[in-house]
Every structure is written in C-alpha cells, then in structure tokens.
$ cat my_file28.tsv   # TSV, C-alpha atoms and all ligand atoms
chain	number	residue	atom	x	y	z
A	124	MET	CA	0.00	0.00	0.00
A	125	ASP	CA	1.50	3.31	-1.04
A	126	THR	CA	0.42	6.76	0.10
A	127	THR	CA	-2.02	7.09	-2.81
A	128	GLU	CA	-3.84	3.92	-1.84
A	129	PHE	CA	-3.56	4.82	1.85
A	130	ARG	CA	-5.46	8.07	1.22
A	131	LYS	CA	-8.24	6.13	-0.47
A	132	ARG	CA	-8.41	3.24	1.99
A	133	GLY	CA	-8.12	5.56	4.96
A	134	LYS	CA	-11.23	7.43	3.85
A	135	GLU	CA	-13.02	4.13	3.29
A	136	MET	CA	-12.07	2.96	6.76
A	137	VAL	CA	-13.40	6.16	8.32
A	138	ASP	CA	-16.65	5.62	6.41
A	139	TYR	CA	-16.79	2.02	7.60
A	140	ILE	CA	-16.41	3.12	11.23
A	141	ALA	CA	-18.93	5.96	10.85
A	142	ASP	CA	-21.45	3.49	9.32
A	143	TYR	CA	-20.70	1.11	12.17
A	144	PHE	CA	-21.67	3.72	14.74
A	145	GLU	CA	-24.74	4.88	12.82
A	146	GLN	CA	-26.07	1.33	12.53
A	147	LEU	CA	-24.77	-0.04	15.81
A	148	GLU	CA	-28.19	-0.15	17.44
A	149	GLU	CA	-29.33	-2.68	14.83
A	150	ARG	CA	-26.51	-5.11	15.53
A	151	GLN	CA	-27.12	-7.81	18.14
A	152	VAL	CA	-25.19	-6.67	21.21
A	153	TYR	CA	-23.89	-10.12	22.20
A	154	PRO	CA	-22.71	-12.50	19.43
A	155	ASP	CA	-24.29	-15.87	18.64
A	156	VAL	CA	-20.99	-17.73	18.28
A	157	GLU	CA	-19.56	-20.68	20.19
A	158	PRO	CA	-15.92	-20.92	21.40
A	159	GLY	CA	-13.69	-21.88	18.48
A	160	TYR	CA	-16.01	-20.33	15.88
A	161	LEU	CA	-13.24	-18.38	14.17
A	162	ARG	CA	-10.56	-20.94	13.37
A	163	PRO	CA	-12.53	-22.82	10.65
A	164	LEU	CA	-13.30	-19.51	8.94
A	165	ILE	CA	-9.69	-18.54	8.23
A	166	PRO	CA	-6.71	-20.39	6.73
A	167	ASP	CA	-4.39	-22.38	8.99
A	168	SER	CA	-1.42	-20.14	8.27
A	169	ALA	CA	-0.63	-16.67	6.96
A	170	PRO	CA	-0.85	-16.23	3.16
A	171	GLN	CA	2.39	-16.51	1.19
A	172	GLU	CA	1.23	-14.02	-1.43
A	173	PRO	CA	-0.08	-10.53	-0.56
A	174	GLU	CA	-3.84	-9.96	-0.60
A	175	GLY	CA	-5.83	-6.81	-1.38
A	176	PHE	CA	-7.36	-4.45	1.14
A	177	GLU	CA	-10.87	-5.07	-0.19
A	178	ASP	CA	-10.60	-8.79	0.54
A	179	VAL	CA	-9.40	-8.06	4.05
A	180	LEU	CA	-12.21	-5.59	4.74
A	181	LYS	CA	-14.80	-8.03	3.39
A	182	ASP	CA	-13.55	-10.61	5.86
A	183	VAL	CA	-13.89	-8.12	8.71
A	184	GLU	CA	-17.64	-8.12	8.09
A	185	ARG	CA	-17.79	-11.87	7.43
A	186	ILE	CA	-15.46	-13.24	10.12
A	187	ILE	CA	-14.87	-10.59	12.76
A	188	MET	CA	-18.19	-8.80	13.15
A	189	PRO	CA	-20.21	-11.97	13.91
A	190	GLY	CA	-17.91	-12.53	16.89
A	191	VAL	CA	-17.81	-8.99	18.27
A	192	THR	CA	-19.46	-8.03	21.55
A	193	HIS	CA	-20.59	-4.48	20.86
A	194	TRP	CA	-19.38	-2.50	23.87
A	195	HIS	CA	-20.68	0.74	22.37
A	196	SER	CA	-24.16	-0.50	21.58
A	197	PRO	CA	-26.80	1.37	23.59
A	198	TYR	CA	-27.97	-2.10	24.66
A	199	PHE	CA	-24.63	-2.95	26.29
A	200	PHE	CA	-24.91	-2.85	30.10
A	201	ALA	CA	-22.20	-5.34	31.09
A	202	TYR	CA	-18.89	-4.91	32.98
A	203	PHE	CA	-18.30	-1.13	32.98
A	204	PRO	CA	-18.38	1.67	30.41
A	205	THR	CA	-15.43	1.97	28.07
A	206	ALA	CA	-14.84	5.36	26.55
A	207	SER	CA	-15.32	6.19	22.89
A	208	SER	CA	-15.35	9.50	21.07
A	209	PHE	CA	-14.48	10.60	17.58
A	210	PRO	CA	-11.79	13.11	18.62
A	211	ALA	CA	-10.01	10.33	20.56
A	212	LEU	CA	-10.29	7.92	17.60
A	213	LEU	CA	-8.77	10.50	15.28
A	214	ALA	CA	-5.96	11.24	17.73
A	215	ASP	CA	-5.18	7.52	17.86
A	216	VAL	CA	-4.89	7.49	14.08
A	217	LEU	CA	-2.37	10.31	14.34
A	218	SER	CA	-0.51	8.51	17.12
A	219	GLY	CA	-0.31	5.44	14.89
A	220	GLY	CA	0.88	7.59	12.02
A	221	LEU	CA	3.69	9.18	14.01
A	222	GLY	CA	4.46	5.78	15.47
A	223	CYS	CA	7.03	7.12	17.92
A	224	ILE	CA	8.11	5.29	21.04
A	225	GLY	CA	8.36	7.86	23.83
A	226	PHE	CA	10.31	6.02	26.52
A	227	SER	CA	12.57	8.99	27.19
A	228	TRP	CA	12.33	12.71	26.66
A	229	ALA	CA	14.81	12.57	23.77
A	230	ALA	CA	13.02	9.62	22.16
A	231	SER	CA	10.23	12.07	21.29
A	232	PRO	CA	10.07	15.31	23.30
A	233	ALA	CA	6.48	16.17	22.29
A	234	CYS	CA	5.26	12.73	23.36
A	235	THR	CA	6.70	13.20	26.84
A	236	GLU	CA	5.94	16.87	27.35
A	237	LEU	CA	2.33	16.75	26.15
A	238	GLU	CA	1.70	13.83	28.50
A	239	THR	CA	3.07	15.73	31.50
A	240	VAL	CA	0.96	18.77	30.67
A	241	MET	CA	-2.20	16.74	29.97
A	242	LEU	CA	-1.88	15.00	33.32
A	243	ASP	CA	-1.55	18.44	34.93
A	244	TRP	CA	-4.67	19.63	33.05
A	245	LEU	CA	-6.60	16.58	34.17
A	246	GLY	CA	-5.28	16.86	37.72
A	247	LYS	CA	-6.53	20.45	37.83
A	248	MET	CA	-9.89	19.38	36.40
A	249	ILE	CA	-10.45	17.10	39.40
A	250	ASN	CA	-8.82	19.57	41.77
A	251	LEU	CA	-6.00	17.25	42.86
A	252	PRO	CA	-3.73	18.75	45.52
A	253	GLU	CA	-0.89	20.78	43.97
A	254	GLU	CA	1.67	18.20	45.18
A	255	PHE	CA	0.47	15.71	42.56
A	256	LEU	CA	1.09	18.10	39.67
A	257	ALA	CA	4.36	18.38	37.79
A	258	GLY	CA	4.11	22.10	37.02
A	259	LYS	CA	7.46	23.62	36.15
A	260	ASP	CA	9.44	22.25	39.03
A	261	GLY	CA	7.09	20.13	41.12
A	262	GLU	CA	8.19	16.88	42.76
A	263	GLY	CA	5.03	15.07	41.69
A	264	GLY	CA	3.42	14.46	38.34
A	265	GLY	CA	1.27	12.21	36.25
A	266	VAL	CA	1.78	9.45	33.73
A	267	ILE	CA	-0.49	7.46	31.41
A	268	GLN	CA	-0.51	3.75	32.23
A	269	GLY	CA	-2.13	1.16	30.02
A	270	SER	CA	-4.57	0.09	32.70
A	271	ALA	CA	-5.51	0.62	36.34
A	272	SER	CA	-4.11	-2.82	37.09
A	273	GLU	CA	-0.70	-1.71	35.82
A	274	ALA	CA	-0.94	1.45	37.91
A	275	THR	CA	-1.62	-0.62	41.02
A	276	LEU	CA	1.31	-2.94	40.27
A	277	VAL	CA	3.67	-0.04	39.58
A	278	THR	CA	2.78	1.71	42.83
A	279	LEU	CA	2.99	-1.54	44.78
A	280	LEU	CA	6.53	-2.12	43.47
A	281	ALA	CA	7.52	1.48	44.18
A	282	ALA	CA	6.10	1.23	47.70
A	283	ARG	CA	8.06	-1.98	48.26
A	284	THR	CA	11.35	-0.44	47.16
A	285	LYS	CA	10.74	2.68	49.20
A	286	THR	CA	10.01	0.69	52.34
A	287	ILE	CA	12.98	-1.63	51.88
A	288	ARG	CA	15.32	1.36	51.54
A	289	ARG	CA	13.86	3.08	54.59
A	290	VAL	CA	14.14	-0.01	56.76
A	291	GLN	CA	17.64	-0.68	55.45
A	292	SER	CA	18.80	2.82	56.30
A	293	GLU	CA	17.50	2.32	59.85
A	294	ASN	CA	18.91	-1.24	60.13
A	295	PRO	CA	22.00	-1.54	57.91
A	296	GLU	CA	22.60	-5.12	59.11
A	297	LEU	CA	19.42	-6.36	57.38
A	298	THR	CA	19.56	-7.65	53.81
A	299	GLU	CA	16.95	-6.89	51.20
A	300	ALA	CA	15.73	-10.49	51.47
A	301	ASP	CA	15.34	-10.21	55.28
A	302	ILE	CA	13.16	-7.16	54.86
A	303	MET	CA	11.23	-8.42	51.86
A	304	SER	CA	10.03	-11.48	53.77
A	305	LYS	CA	8.50	-9.26	56.48
A	306	LEU	CA	6.66	-6.75	54.28
A	307	VAL	CA	2.89	-6.59	54.49
A	308	ALA	CA	0.41	-5.09	52.04
A	309	TYR	CA	-2.94	-4.17	53.56
A	310	ALA	CA	-6.00	-4.60	51.37
A	311	SER	CA	-9.66	-5.44	51.62
A	312	ASP	CA	-11.33	-8.08	49.44
A	313	GLN	CA	-11.55	-5.28	46.78
A	314	PHE	CA	-7.84	-4.66	47.08
A	315	CYS	CA	-6.41	-1.25	47.75
A	316	ALA	CA	-8.13	1.94	48.86
A	317	THR	CA	-10.84	2.30	46.25
A	318	LEU	CA	-13.21	5.06	45.24
A	319	GLY	CA	-15.94	3.24	43.37
A	320	THR	CA	-15.33	-0.53	43.47
A	321	THR	CA	-16.12	-2.50	40.30
A	322	PRO	CA	-18.90	-4.74	41.65
A	323	CYS	CA	-21.00	-2.11	43.44
A	324	CYS	CA	-19.24	1.28	43.33
A	325	SER	CA	-18.56	1.36	47.08
A	326	PHE	CA	-16.23	4.04	48.47
A	327	ASP	CA	-13.50	3.61	51.09
A	328	ARG	CA	-13.25	6.28	53.78
A	329	LEU	CA	-10.06	8.05	52.82
A	330	LEU	CA	-10.36	10.50	55.68
A	331	GLU	CA	-10.08	7.59	58.12
A	332	LEU	CA	-7.56	5.45	56.21
A	333	GLY	CA	-5.29	8.29	55.11
A	334	PRO	CA	-4.05	9.60	58.48
A	335	ILE	CA	-3.34	6.03	59.70
A	336	CYS	CA	-1.26	5.31	56.58
A	337	ASN	CA	0.65	8.58	56.98
A	338	LYS	CA	1.33	7.99	60.69
A	339	GLU	CA	2.53	4.42	60.11
A	340	ASN	CA	4.61	5.23	57.03
A	341	ILE	CA	2.38	3.11	54.80
A	342	TRP	CA	2.16	3.95	51.12
A	343	MET	CA	-1.47	4.68	50.22
A	344	HIS	CA	-2.55	4.08	46.64
A	345	ILE	CA	-6.08	5.03	45.62
A	346	ASP	CA	-7.83	3.29	42.76
A	347	ALA	CA	-10.73	5.30	41.34
A	348	ALA	CA	-10.60	3.58	37.94
A	349	TYR	CA	-14.26	3.84	37.09
A	350	ALA	CA	-15.77	6.55	39.31
A	351	GLY	CA	-12.85	8.98	39.14
A	352	SER	CA	-14.04	10.76	36.00
A	353	ALA	CA	-17.01	12.09	37.97
A	354	PHE	CA	-14.68	14.23	40.10
A	355	ILE	CA	-14.48	16.78	37.26
A	356	CYS	CA	-17.96	17.88	38.42
A	357	PRO	CA	-17.66	20.11	41.52
A	358	GLU	CA	-20.75	18.47	43.06
A	359	PHE	CA	-18.96	15.08	43.13
A	360	ARG	CA	-15.49	16.31	44.10
A	361	HIS	CA	-16.13	15.90	47.84
A	362	LEU	CA	-15.96	12.12	47.26
A	363	LEU	CA	-12.25	12.57	46.57
A	364	ASN	CA	-11.58	14.32	49.89
A	365	GLY	CA	-8.70	12.58	51.65
A	366	VAL	CA	-6.67	12.15	48.47
A	367	GLU	CA	-4.24	14.59	50.09
A	368	PHE	CA	-3.09	11.68	52.34
A	369	ALA	CA	-2.32	9.41	49.38
A	370	ASP	CA	1.07	8.76	47.80
A	371	SER	CA	-0.46	7.83	44.47
A	372	PHE	CA	-3.83	8.10	42.77
A	373	ASN	CA	-5.24	6.61	39.62
A	374	PHE	CA	-8.35	6.71	37.48
A	375	ASN	CA	-9.33	5.69	33.97
A	376	PRO	CA	-10.28	8.38	31.47
A	377	HIS	CA	-10.68	5.33	29.19
A	378	LYS	CA	-13.74	4.35	31.16
A	379	TRP	CA	-15.92	7.40	31.55
A	380	LEU	CA	-14.12	10.42	30.11
A	381	LEU	CA	-14.43	9.84	26.38
A	382	VAL	CA	-10.75	8.99	25.86
A	383	ASN	CA	-10.57	5.61	24.11
A	384	PHE	CA	-8.69	2.71	25.70
A	385	ASP	CA	-5.89	2.70	26.72
A	386	CYS	CA	-5.54	5.70	28.99
A	387	SER	CA	-5.23	5.15	32.73
A	388	ALA	CA	-4.11	8.35	34.46
A	389	MET	CA	-1.82	7.95	37.46
A	390	TRP	CA	-0.27	10.60	39.68
A	391	VAL	CA	2.38	10.43	42.39
A	392	LYS	CA	3.35	13.03	44.95
A	393	LYS	CA	7.02	12.15	44.59
A	394	ARG	CA	8.21	11.14	41.16
A	395	SER	CA	11.48	10.04	42.74
A	396	ASP	CA	9.59	7.18	44.45
A	397	LEU	CA	8.96	5.73	40.99
A	398	THR	CA	12.26	6.54	39.35
A	399	ASN	CA	14.20	5.17	42.35
A	400	ALA	CA	12.34	1.89	41.99
A	401	PHE	CA	12.48	1.48	38.22
A	402	LYS	CA	15.51	3.36	37.01
A	403	LEU	CA	17.60	1.27	34.68
A	404	ASP	CA	20.14	2.94	32.44
A	405	PRO	CA	21.84	0.69	29.90
A	406	LEU	CA	24.37	2.52	27.79
A	407	TYR	CA	22.22	2.66	24.66
A	408	LEU	CA	19.55	4.58	26.59
A	409	GLN	CA	21.92	7.08	28.19
A	410	HIS	CA	22.17	10.56	26.85
A	411	CYS	CA	23.05	13.99	28.09
A	412	HIS	CA	19.80	14.75	29.95
A	413	GLN	CA	19.15	13.86	33.57
A	414	GLU	CA	15.68	13.33	35.04
A	415	SER	CA	14.68	16.73	36.38
A	416	GLY	CA	11.67	19.00	36.55
A	417	LEU	CA	11.98	19.61	32.83
A	418	VAL	CA	13.25	16.30	31.49
A	419	THR	CA	11.08	13.30	32.23
A	420	ASP	CA	11.99	9.82	31.08
A	421	TYR	CA	8.73	7.97	31.35
A	422	ARG	CA	10.36	4.55	31.05
A	423	HIS	CA	11.20	4.92	34.75
A	424	TRP	CA	7.50	5.35	35.60
A	425	GLN	CA	6.17	2.12	34.11
A	426	ILE	CA	6.81	-1.59	33.53
A	427	PRO	CA	7.43	-1.63	29.74
A	428	LEU	CA	10.14	0.26	27.94
A	429	GLY	CA	8.07	1.32	24.92
A	430	ARG	CA	5.05	3.62	25.05
A	431	ARG	CA	2.72	5.13	22.49
A	432	PHE	CA	1.85	8.80	22.04
A	433	ARG	CA	-1.35	8.46	24.07
A	434	SER	CA	-1.62	12.00	25.37
A	435	LEU	CA	-2.74	13.13	21.90
A	436	LYS	CA	-6.15	11.61	22.50
A	437	MET	CA	-6.49	13.41	25.83
A	438	TRP	CA	-5.50	16.67	24.18
A	439	PHE	CA	-8.00	16.26	21.33
A	440	VAL	CA	-10.83	15.26	23.67
A	441	PHE	CA	-10.20	17.96	26.30
A	442	ARG	CA	-10.04	20.67	23.65
A	443	MET	CA	-12.97	19.54	21.55
A	444	TYR	CA	-15.35	18.91	24.46
A	445	GLY	CA	-14.04	21.51	26.87
A	446	VAL	CA	-14.37	20.94	30.61
A	447	LYS	CA	-18.01	22.00	30.36
A	448	GLY	CA	-18.76	19.46	27.65
A	449	LEU	CA	-17.12	16.70	29.69
A	450	GLN	CA	-19.07	17.70	32.81
A	451	GLU	CA	-22.29	17.63	30.83
A	452	TYR	CA	-21.41	14.15	29.60
A	453	ILE	CA	-20.89	12.90	33.19
A	454	ARG	CA	-24.11	14.52	34.42
A	455	LYS	CA	-26.33	13.23	31.58
A	456	GLY	CA	-29.48	14.90	32.73
A	457	SER	CA	-30.76	18.05	34.32
A	458	ASN	CA	-32.95	19.38	37.10
A	459	GLU	CA	-35.45	20.39	34.42
A	460	LEU	CA	-35.76	16.81	33.16
A	461	ASN	CA	-36.30	15.52	36.69
A	462	GLU	CA	-38.97	18.18	37.31
A	463	ALA	CA	-40.72	17.21	34.07
A	464	LEU	CA	-40.59	13.54	35.09
A	465	LEU	CA	-42.15	14.25	38.47
A	466	LYS	CA	-44.87	16.29	36.80
A	467	SER	CA	-45.76	13.46	34.42
A	468	ILE	CA	-45.71	10.89	37.24
A	469	ASN	CA	-48.07	12.90	39.41
A	470	GLU	CA	-50.34	13.84	36.50
A	471	ALA	CA	-50.79	10.18	35.60
A	472	ARG	CA	-52.24	9.69	39.11
A	473	LYS	CA	-51.12	6.04	39.37
A	474	ILE	CA	-48.51	6.65	42.05
A	475	HIS	CA	-47.68	9.73	44.10
A	476	LEU	CA	-44.25	11.22	44.85
A	477	VAL	CA	-42.83	14.49	46.16
A	478	PRO	CA	-39.42	15.99	45.37
A	479	CYS	CA	-36.61	17.42	47.47
A	480	HIS	CA	-33.46	19.41	46.88
A	481	LEU	CA	-30.08	17.83	47.62
A	482	ARG	CA	-27.04	20.04	46.96
A	483	GLU	CA	-29.00	22.04	44.39
A	484	LYS	CA	-30.20	18.90	42.67
A	485	PHE	CA	-33.89	18.33	42.07
A	486	VAL	CA	-34.39	14.80	43.39
A	487	LEU	CA	-37.46	12.56	43.21
A	488	ARG	CA	-38.07	10.88	46.58
A	489	PHE	CA	-39.44	7.37	46.63
A	490	ALA	CA	-40.46	6.61	50.21
A	491	ILE	CA	-42.02	3.29	51.24
A	492	CYS	CA	-44.96	4.58	53.29
A	493	SER	CA	-47.94	2.28	53.64
A	494	ARG	CA	-48.12	-0.69	56.03
A	495	THR	CA	-49.63	-2.71	53.15
A	496	VAL	CA	-46.85	-2.20	50.58
A	497	GLU	CA	-45.61	-5.41	48.95
A	498	SER	CA	-42.84	-5.87	46.43
A	499	VAL	CA	-45.43	-6.06	43.59
A	500	HIS	CA	-46.37	-2.44	44.31
A	501	ILE	CA	-42.79	-1.32	44.13
A	502	GLN	CA	-42.24	-3.25	40.91
A	503	PHE	CA	-45.38	-1.68	39.46
A	504	ALA	CA	-44.12	1.79	40.45
A	505	TRP	CA	-40.65	1.15	39.00
A	506	LYS	CA	-42.12	-0.05	35.68
A	507	HIS	CA	-44.44	2.96	35.55
A	508	ILE	CA	-41.63	5.44	36.33
A	509	SER	CA	-39.36	3.78	33.75
A	510	GLU	CA	-42.06	4.04	31.07
A	511	LEU	CA	-42.72	7.72	31.78
A	512	ALA	CA	-38.99	8.46	31.86
A	513	THR	CA	-38.53	6.71	28.50
A	514	GLU	CA	-41.42	8.68	26.99
A	515	LEU	CA	-39.87	11.89	28.26
A	516	LEU	CA	-36.41	11.08	26.90
A	517	ASN	CA	-37.82	10.08	23.51
A	518	ALA	CA	-40.03	13.17	23.25
A	601	LIG	C1	-12.22	-1.27	35.86
A	601	LIG	C2	-11.53	-1.22	37.16
A	601	LIG	C3	-10.21	-1.68	37.30
A	601	LIG	C4	-9.47	-2.32	36.17
A	601	LIG	O1	-9.20	-1.40	35.19
A	601	LIG	P1	-8.13	-1.71	34.03
A	601	LIG	O2	-7.74	-0.36	33.55
A	601	LIG	O3	-8.87	-2.50	33.01
A	601	LIG	O4	-7.02	-2.47	34.65
A	601	LIG	C5	-9.60	-1.57	38.52
A	601	LIG	N1	-10.25	-1.01	39.57
A	601	LIG	C6	-11.51	-0.57	39.48
A	601	LIG	C7	-12.16	0.04	40.69
A	601	LIG	C8	-12.20	-0.65	38.27
A	601	LIG	O5	-13.46	-0.19	38.18
$ encode --input "my_file28.tsv" --output "structure tokens" --more "lines below"
Ligand SMILES: *Cc1c(COP(=O)(O)O)cnc(C)c1O
Amino acid sequence: MDTTEFRKRGKEMVDYIADYFEQLEERQVYPDVEPGYLRPLIPDSAPQEPEGFEDVLKDVERIIMPGVTHWHSPYFFAYFPTASSFPALLADVLSGGLGCIGFSWAASPACTELETVMLDWLGKMINLPEEFLAGKDGEGGGVIQGSASEATLVTLLAARTKTIRRVQSENPELTEADIMSKLVAYASDQFCATLGTTPCCSFDRLLELGPICNKENIWMHIDAAYAGSAFICPEFRHLLNGVEFADSFNFNPHKWLLVNFDCSAMWVKKRSDLTNAFKLDPLYLQHCHQESGLVTDYRHWQIPLGRRFRSLKMWFVFRMYGVKGLQEYIRKGSNELNEALLKSINEARKIHLVPCHLREKFVLRFAICSRTVESVHIQFAWKHISELATELLNA
C-alpha cells in the first residue's frame, strides 16, 4: 500500500467506522458464536502471497463482526463503560501515524511533554492537591498507564522499594531479602483503597484510612478507575476528599471520560519514588539529559520500555469537548428533566411522589410509606416510572 492507496483506503475505513456507529443499534449486542467459531473460517497459516485491502475488509464483516461483543451499543450494560469518542479515535490514528516510542524525553520530546501537561490539566480538572502536579518544578506528576491494574502494580513495586530502603537505612545489618520477607500489604477483598469498586461502586473512607497510613509510614494508593471521571464535576469532588493523604492516585479516562482505551491516568506526589524503583540505564539509553523537573523519562514510571503517544487523545478530547462538555457528559441529565418527570408521574395519578433538593439537585423521593406495601407495588411503580422516563427522553 503506497500513500495514494492509503489516502483512499483511509477514507473508506473512516466511512466504515462511521457506518458502524450509525447502525450499531441494529446489531445484536452479544454475538451468537460458540468458542472456536473463528478458526474454521480462516486459513491455517498466513498467506504466502499478498492480498488486497478489499478482501481483508470483506472478511472483517464476514469473520470478525459476527464474533464482536458491541461495547458501544446502547444495549450494552455489562462490565463497565469503556470510553469512545471521535476526537479520541482520530488522535489515535495520528498517534499510529507518528508511530514514535516515547520512553525517554529525547526519544520524542512532544510525546513526553504533552503527556506531562495533559496529566496536569486533568489533575486540575479534578482539583487534585498541587503536590500531585508536575508544574514547572514540582516533585510530583502524572503518567499514562495502560490500565488501572498496571498502575496498582507499579505503585505496589515502588512502595516496596521505598520501604525496603527506609528499613535498610535504619537497620544496615538487614539484607533486602530479610526485609522483603516481612513486608505486608494491607488490602480489603476489593484490594487497595478504592473510590468506586467495580462490583457495586462502594467508596472507602479516605479521611479515616489516610491519616493512619501517613502515621505508620504506609504507602497509600487510591484506585478510582471507574468513578474517578465524575470528580471533574464540583458536586462530586467531595468524594475525593482525603486524596491529600495518598502517595499515588489513579483513574481511567478510558472508562468514563471519552478517551478511548488505553488511557489510565496515574499521579504520584514524589516522582522520585517511581524513578528510584524502576531506574535502569543501559548505555544505549543514556544521553546527556538527567531526570529533572523539565526532562522526564517515562520509562522509569512504568513496567514496559516502549510507550505510544497516548496524550494526543487526551488533548483532542479535552479541547474539543471543553471541561463544560465533559461535565455535561458525566451529568447526563438536568434538574429540568427531573422536574418534568415528576410532573408526568403525578399527572398520571397512578402513584404519588414528592421531590426534594439535595445540593441544588432536584431529586425525586421514593419513600415506602404504607403498612400494606408489597414488592409487587414497588415493581409496578418502577415499571411505571421507567415508562414515563422513557417517553420523556424520547419526546
Ligand atoms: C475497571 C476497574 C479496574 C481495572 O481497570 P483496568 O484499567 O482494566 O485495569 C480496577 N479497579 C476498578 C475500581 C475498576 O473499576
């Protein structure tokens, strides 16, 4: 494929994706295939002779699509949301086009610097304490990890190294192995301190956990993978109170902030905690710059060496939605809609509700009042409210 054909096929691919989104509602959300469905549909080994793009694309529809679970179908309610927006898709195309590997500042300065600034932008959007931001000469800063699981692993390893070094400086006679065998990681059955657990979106009490961790010299990592995007709305920010006690914090813009996978944002108060744990400098990666406020080598902040130019998709999304657009996306509704819903419920005269105000939100109260209420009445009410809400949203 030369550039002339690339221009043509690229436009066709964009059309294919646009058609996909426009007709997504008509596709069955969960595929009808059985395990092993794909192997008989394609040859046993790669073709010796090159094939044409048209044949490949035809097989996408014939072989791939029947086995796709459509995460972006409006009928998909499984697992958790995964972000998708056109600006992020386009930025990923650009990232693929540039194809740079930004493991150090010199390996692609824009790749590193845009990432640092985007993580500062995002940190400011959720009002993270100043210490987590890189700024011009801050000790903290953010990095894009591939997933929240990686972020947790990275911080766990950094915490381990930090603790070993501290204990060793207090007890020089102890070896690393002596100390390692005594280390303890505290976690609940949902793992580390979590804001919005995956099964039921429960929140740990940071304001209780944080001071204990600080007093006992325990590294606190906070995982807000799913719920964290909501903190860009001032009315939800209070749920992040206590983050000031944490050493590291992470959430996934690739879940709920319209930045396509993979983009897991992680911040640390002290970047040296990461670089001390992961720094590895073979000769072929050494160059004149040292890690400093201005020169960041992100390979010391992560498990892999290589990394894509992922901050482009944050930049595109933040600029093209604006903070207001992103807040609107999180809120997905308005006081006016809720008022209209209450009006239609009470006008239908089948059930009766009254509203209240909670932090300037118009909220419909559903109180269980009568001694004779059974679950059938509640199910009836829920069905009725759902129908009226659907009518309202479709109007
Ligand atoms: C989704 C989720 C994860 C895992 O996220 P990945 O980025 O896929 O690793 C971890 N923690 C919580 C609370 C989550 O909701």
$ residues_around --input "my_file28.tsv" --residues "segment 130-137 of chain A" --least-positions-apart "2" --cutoff "10 Å" --atoms "all atoms listed in the file" --output "PyMOL selection string"
chain A and resi 124-128+139-143+176-177+180+212-213+216
$ closest_residue --input "my_file28.tsv" --among "A:Asp346, A:Asp182, A:Glu514, A:Asp370" --to "Ser325 of chain A" --atoms "all atoms listed in the file"
A:Asp346
$ residues_near_ligand --input "my_file28.tsv" --ligand "ligand LIG 601 (chain A)" --cutoff "12 Å" --atoms "only C-alpha atoms and all ligand atoms" --output "number ranges by chain"
A: 201-206, 267-276, 312-327, 344-352, 372-379, 383-389
$ atom_distance --input "my_file28.tsv" --atom1 "atom CA of Gln171 of chain A" --atom2 "atom CA of Ile186 of chain A"
20.2 Å
$ residues_around --input "my_file28.tsv" --residues "Trp342 of chain A" --least-positions-apart "6" --cutoff "8 Å" --atoms "all atoms listed in the file" --output "ChimeraX atom specification"
/A:282,336,369-370
$ closest_residue --input "my_file28.tsv" --among "A:Glu497, A:Glu174, A:Gln425, A:Leu511" --to "Lys466 of chain A" --atoms "all atoms listed in the file"
A:Leu511
$ atom_distance --input "my_file28.tsv" --atom1 "atom CA of Pro170 of chain A" --atom2 "atom CA of Val191 of chain A"
23.8 Å
$ closest_residue --input "my_file28.tsv" --among "A:Val391, A:Ala400, A:Leu516, A:Ile453" --to "Arg288 of chain A" --atoms "only C-alpha atoms"
A:Ala400
$ closest_residue --input "my_file28.tsv" --among "A:Ser218, A:Ser196, A:Ser467, A:Asn337" --to "Lys436 of chain A" --atoms "all atoms listed in the file"
A:Ser218
$ closest_residue --input "my_file28.tsv" --among "A:Ala229, A:Cys356, A:Leu435, A:Cys223" --to "Met248 of chain A" --atoms "all atoms listed in the file"
A:Cys356
